[in-house]
Structures are given as C-alpha cells and as structure tokens.
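A.B. asks: So that you have it, the file is protein21.txt, and it contains compact mmCIF, C-alpha atoms:
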# COMPACT_ATOMS: atom_id res chain seq x y z
CA GLY A 24 0.00 0.00 0.00
CA PHE A 25 0.81 3.68 0.03
CA GLN A 26 2.47 3.57 3.49
CA ALA A 27 4.81 0.73 2.42
CA MET A 28 6.26 2.89 -0.40
CA THR A 29 9.53 4.81 -0.05
CA PRO A 30 9.13 8.55 0.63
CA LEU A 31 10.06 9.38 -2.97
CA ALA A 32 7.59 6.81 -4.36
CA ARG A 33 4.80 8.24 -2.12
CA LEU A 34 5.64 11.75 -3.32
CA LEU A 35 5.54 10.72 -6.96
CA ALA A 36 2.28 8.78 -6.50
CA ALA A 37 0.68 11.78 -4.77
CA THR A 38 2.03 14.11 -7.46
CA ILE A 39 0.54 12.01 -10.27
CA ALA A 40 -2.78 11.73 -8.42
CA CYS A 41 -2.95 15.54 -8.13
CA GLY A 42 -2.38 16.14 -11.85
CA ALA A 43 1.32 16.96 -11.90
CA TRP A 44 4.35 14.97 -12.95
CA VAL A 45 8.13 15.19 -12.87
CA VAL A 46 10.28 14.58 -15.91
CA TYR A 47 13.39 13.18 -14.24
CA GLY A 48 16.49 15.19 -14.95
CA ARG A 49 14.51 17.95 -16.66
CA ARG A 50 12.46 20.86 -15.41
CA LEU A 51 9.23 20.22 -13.54
CA GLU A 52 6.12 20.11 -15.72
CA THR A 53 2.59 20.47 -14.38
CA SER A 54 -0.78 19.97 -16.00
CA LYS A 55 -3.37 22.71 -16.35
CA LEU A 56 -5.46 20.91 -13.75
CA ALA A 57 -2.92 21.47 -10.97
CA ALA A 58 -3.56 24.28 -8.51
CA PRO A 59 -1.52 27.52 -8.97
CA GLY A 60 1.85 27.25 -7.22
CA PHE A 61 1.56 23.46 -7.03
CA GLY A 62 4.61 23.01 -9.29
CA LYS A 63 6.85 24.94 -6.90
CA LEU A 64 5.54 22.95 -3.95
CA VAL A 65 6.16 19.63 -5.72
CA LYS A 66 9.62 20.71 -6.90
CA ALA A 67 10.56 21.70 -3.33
CA ALA A 68 9.29 18.36 -2.04
CA VAL A 69 11.24 16.44 -4.72
CA VAL A 70 14.42 18.36 -3.87
CA ALA A 71 13.95 17.79 -0.12
CA THR A 72 13.13 14.11 -0.56
CA ALA A 73 16.00 13.50 -2.97
CA ALA A 74 18.51 15.33 -0.75
CA ALA A 75 17.58 13.37 2.38
CA GLY A 76 20.50 11.10 3.15
CA SER A 77 22.64 12.57 0.37
CA PRO A 78 26.26 13.42 1.18
CA ASN A 79 27.32 16.94 2.03
CA PHE A 80 30.35 18.26 0.14
CA ASN A 81 31.05 21.25 2.41
CA GLY A 82 34.72 22.07 2.82
CA GLU A 83 38.02 22.56 1.08
CA TRP A 84 39.07 19.67 -1.13
CA HIS A 85 42.53 19.14 -2.66
CA LEU A 86 43.20 16.97 -5.69
CA GLU A 87 45.01 13.82 -4.59
CA ARG A 88 45.15 11.87 -7.86
CA CYS A 89 43.57 11.45 -11.30
CA GLU A 90 42.49 8.37 -13.19
CA ASN A 91 42.59 8.39 -17.01
CA LEU A 92 42.98 12.19 -17.18
CA LYS A 93 45.35 12.50 -20.18
CA PRO A 94 43.41 10.16 -22.53
CA PHE A 95 40.17 11.86 -21.50
CA MET A 96 41.58 15.33 -22.20
CA LYS A 97 42.78 14.13 -25.61
CA ALA A 98 39.23 12.92 -26.35
CA ILE A 99 37.87 16.41 -25.62
CA ASP A 100 40.44 18.04 -27.91
CA TYR A 101 43.13 19.32 -25.54
CA ASN A 102 46.65 19.55 -26.97
CA LEU A 103 49.62 17.65 -25.54
CA PHE A 104 50.99 20.67 -23.66
CA LEU A 105 47.72 21.29 -21.77
CA ARG A 106 47.26 17.56 -21.06
CA GLU A 107 50.72 17.40 -19.48
CA ALA A 108 50.21 20.64 -17.53
CA ALA A 109 46.85 19.40 -16.19
CA SER A 110 48.43 16.20 -14.90
CA LEU A 111 50.92 18.26 -12.85
CA ALA A 112 48.55 21.00 -11.62
CA ARG A 113 47.62 21.49 -7.99
CA VAL A 114 43.84 21.78 -7.88
CA SER A 115 41.54 22.69 -5.01
CA GLN A 116 37.79 23.15 -4.71
CA GLN A 117 36.13 25.10 -1.90
CA ILE A 118 32.50 23.98 -1.66
CA GLU A 119 29.63 25.54 0.25
CA HIS A 120 26.73 23.06 0.24
CA ARG A 121 23.45 23.97 1.94
CA GLU A 122 20.38 21.85 1.18
CA ASP A 123 19.75 22.31 -2.58
CA HIS A 124 22.26 25.16 -3.06
CA PHE A 125 25.92 24.73 -4.07
CA LYS A 126 28.71 27.27 -4.40
CA PHE A 127 32.08 26.17 -5.78
CA ARG A 128 35.36 28.08 -5.84
CA PHE A 129 37.98 26.47 -8.09
CA ASP A 130 41.72 27.11 -7.85
CA ALA A 131 44.46 25.53 -9.94
CA PHE A 132 48.20 26.18 -10.05
CA PRO A 133 49.44 26.84 -12.60
CA SER A 134 46.29 28.43 -13.99
CA THR A 135 45.33 30.40 -17.06
CA THR A 136 42.01 31.48 -15.51
CA GLY A 137 42.76 32.37 -11.87
CA THR A 138 40.14 31.60 -9.25
CA ARG A 139 36.72 30.75 -10.67
CA SER A 140 33.37 30.46 -8.95
CA VAL A 141 30.00 28.99 -9.82
CA SER A 142 26.77 28.83 -7.84
CA PHE A 143 23.67 26.76 -8.59
CA ARG A 144 20.61 25.03 -7.16
CA LEU A 145 19.40 21.52 -7.84
CA GLY A 146 17.27 21.50 -10.98
CA ASP A 147 18.73 24.68 -12.51
CA ASP A 148 18.53 24.39 -16.30
CA GLU A 149 21.82 25.84 -17.56
CA ILE A 150 24.73 27.15 -15.52
CA PRO A 151 27.59 28.76 -17.50
CA MET A 152 31.08 28.01 -16.19
CA LYS A 153 34.70 27.52 -17.30
CA ASP A 154 37.03 24.57 -16.90
CA ASP A 155 40.55 24.77 -15.39
CA ALA A 156 41.98 25.90 -18.76
CA GLY A 157 39.31 28.57 -19.35
CA ARG A 158 37.12 26.75 -21.90
CA ASP A 159 33.40 27.57 -21.75
CA MET A 160 31.06 24.87 -20.45
CA ILE A 161 27.39 24.61 -19.52
CA LEU A 162 26.38 22.61 -16.46
CA SER A 163 22.79 21.42 -16.82
CA THR A 164 20.08 20.14 -14.52
CA PRO A 165 22.01 18.97 -11.44
CA VAL A 166 20.05 16.32 -9.49
CA TRP A 167 20.65 13.73 -6.80
CA GLU A 168 20.57 10.11 -7.89
CA GLY A 169 20.81 8.36 -4.56
CA GLU A 170 24.13 9.51 -3.07
CA VAL A 171 25.46 10.84 -6.39
CA LEU A 172 25.16 14.47 -7.52
CA LYS A 173 24.73 14.15 -11.29
CA ALA A 174 24.49 16.74 -14.08
CA GLY A 175 24.94 17.20 -17.78
CA LEU A 176 28.08 19.06 -18.85
CA ARG A 177 28.52 20.48 -22.33
CA TYR A 178 31.67 22.01 -23.77
CA VAL A 179 30.69 24.90 -26.02
CA SER A 180 33.59 24.86 -28.51
CA PRO A 181 34.67 22.37 -29.56
CA ALA A 182 31.36 20.75 -28.63
CA HIS A 183 31.38 17.71 -26.34
CA ASP A 184 28.48 16.31 -24.31
CA LEU A 185 29.49 14.86 -20.95
CA GLU A 186 27.95 13.64 -17.73
CA ILE A 187 29.53 14.69 -14.44
CA MET A 188 28.98 12.84 -11.18
CA ARG A 189 30.19 13.81 -7.72
CA TYR A 190 30.13 11.38 -4.81
CA LEU A 191 32.03 10.23 -1.73
CA GLU A 192 34.17 7.11 -1.48
CA LYS A 193 35.03 6.72 2.21
CA ASP A 194 36.68 10.05 3.10
CA ARG A 195 37.43 11.09 -0.50
CA MET A 196 35.31 13.13 -2.90
CA VAL A 197 35.21 11.81 -6.47
CA GLU A 198 34.55 13.94 -9.54
CA HIS A 199 33.69 11.39 -12.24
CA VAL A 200 33.20 12.57 -15.83
CA ARG A 201 31.94 10.42 -18.70
CA HIS A 202 31.90 11.39 -22.38
CA LEU A 203 28.46 10.66 -23.85
CA GLY A 204 29.66 10.35 -27.45
CA LYS A 205 32.85 8.35 -26.86
CA ASP A 206 33.63 5.35 -24.71
CA ILE A 207 35.87 7.19 -22.23
CA GLU A 208 35.68 8.55 -18.70
CA MET A 209 37.97 9.94 -16.03
CA ARG A 210 37.97 10.45 -12.28
CA ARG A 211 39.59 13.06 -10.07
CA ILE A 212 39.87 12.09 -6.40
CA PHE A 213 40.00 14.85 -3.78
CA LYS A 214 41.02 14.73 -0.11
CA LYS A 215 39.41 17.09 2.41
CA LYS A 216 41.79 19.54 4.05
Once you've parsed the file, please lay out its structure as structure tokens.

C.D. replies:
Amino acid sequence: GFQAMTPLARLLAATIACGAWVVYGRRLETSKLAAPGFGKLVKAAVVATAAAGSPNFNGEWHLERCENLKPFMKAIDYNLFLREAASLARVSQQIEHREDHFKFRFDAFPSTTGTRSVSFRLGDDEIPMKDDAGRDMILSTPVWEGEVLKAGLRYVSPAHDLEIMRYLEKDRMVEHVRHLGKDIEMRRIFKKK
C-alpha cells in the first residue's frame, strides 16, 4: 500500500494523483489541472526528498590523484601541452553546500584562468562556467541520484556532451566525468583539508 512505499515513491504517487508529474532530470512540468503554485511545492518536495541522506560536500578539497585524465583530455580536444600541464597541476575546490544550493570556488596552479566560482541550485537548467583551462562549459540540470550528484556538462567549442557525477568514497570526494559520445571517462579524487 501507500504507506509501504519509499518517501520518494509516495511523493511521486501523490504528485501524479494531483495532476502533476516530474520529468526526471529535466524541469518540472505540471498539468493545467494542478492548482496555482503546485509546481513549486512539488519541486521543493522532490528536492527535499532526494537530498535526504545525500552526502554533504562542504569544505576545502585538494586533488590527490587522477584516473585516465590525459586520454580523456585528448578525447575532448586538448593539446599535448595542456594535457601534461593538467596532470601536474595542484587543484583545489572550496565547496559551500546547503540543502539544494551549491557554491564552488575552483583554484588551480598553474592556472590560465585564476580563481573561478560557480553557484547553482538543484534542478537549474543551464549554468555557465569555465574549466581549469578557461574553456566555456554549460552545467545542466544537477540532481541527486541516490548519493550521487549528477548533471549534464557540455563544452561549447569544440562541442562535447558529458555527464559529471560527484560522490564520496570513504573520506574522499570523487569527480567522475563520462563522455556521452565516446567510450571514455575519467575520475579526479580529492582529499578534504
């Protein structure tokens, strides 16, 4: 019955019964039958339910090691010089994480871009940002999938569609990126300061 369902399943069942639905990984859509403001209420409930039990990434994180970085960078059209420089760079990420809001400050040495910042909420459609080398990217529709923060990531030029996942493995934070058009992925593992 209804009480035996998980909280997310109950929320989705109630949402469907009230004439609204969620397109997973996309913006919230509501039918014309739903009461005014119902979409915001449902979205807030989805965010709160999905975030319950999710990890918190607050803190200052320093890059400890990379897995498959150079081949991945080659696949997204970085030249040999930048691939080598990236493998030697010291990278840190300062993260402020409060409920459905995230603020990142990125630092890399050596860097062509200096300190960069980006701020977003779960479900935001498109968030412009730059990578460590200054290339334009669009982060899209960040959501929780269990204990994994997942989003689309698109390089503007040259164009590449990626998926980025952030999660904890024991006391390490993993930034895991997968190319959607090629069979390649990489991971950067960070240690909390």

A.B. asks: Could you tell me which of A:Ala108, A:Leu92, A:Ile99, A:Ile150 comes closest to Gly204 of chain A if we count all atoms listed in the file?

C.D. replies: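 Of A:Ala108, A:Leu92, A:Ile99, A:Ile150, the one nearest Gly204 of chain A, counting all atoms listed in the file, is A:Ile99.
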
A.B. asks: Determine, counting only C-alpha atoms, which protein, DNA and RNA residues have an atom within 6 Å of an atom of segment 155-166 of chain A; residues of the same chain fewer than 3 positions away are not included. Present the result as a list in words.

C.D. replies: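 The residues that qualify are Thr135, Thr136, Leu145, Gly146, Asp147, Asp148, Glu149, Ile150, Pro151, Met152, Leu172, Lys173, Ala174, Gly175, Leu176, Arg177, Tyr178 and Val179 of chain A.
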
A.B. asks: Nearest to Ala112 of chain A among A:Leu191, A:Ala182, A:Met96, A:Leu86, with distances taken over only C-alpha atoms: which residue is it?

C.D. replies: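 The shortest atom-to-atom distance to Ala112 of chain A comes from A:Leu86.
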
A.B. asks: Take atom CA of Ser180 of chain A and atom CA of Lys97 of chain A and report the distance between them in Å, one decimal.

C.D. replies: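 These two atoms are separated by 14.4 Å.
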
A.B. asks: For a quick check of your reading of the model, name the residues lying within 12 Å of the coordinate (25.2, 10.0, 0.4), counting only C-alpha atoms, and write them as a ChimeraX atom specification.

C.D. replies: /A:73-80,167-172,189-194,196

A.B. asks: Could you jot down the atom CA of Glu87 of chain A to atom CA of Gln116 of chain A separation for me, Å, one decimal place?

C.D. replies: 11.8 Å

A.B. asks: So the first atom is atom CA of Tyr101 of chain A and the second is atom CA of Lys215 of chain A; what is the distance between them in Å, to one decimal place?

C.D. replies: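 A separation of 28.3 Å between them.
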
A.B. asks: Using all atoms listed in the file, find the one residue out of A:Asp130, A:Asp123, A:Glu208, A:Asp154 that sits nearest to His85 of chain A.

C.D. replies: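 Answer, going by the shortest atom-to-atom distance: A:Asp130.
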
A.B. asks: May I ask which of the residues A:Leu185, A:Lys153, A:Phe132, A:Arg121 is the closest one to Met209 of chain A, counting all atoms listed in the file?

C.D. replies: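 When distances to Met209 of chain A are compared using all atoms listed in the file, the smallest one comes from A:Leu185.
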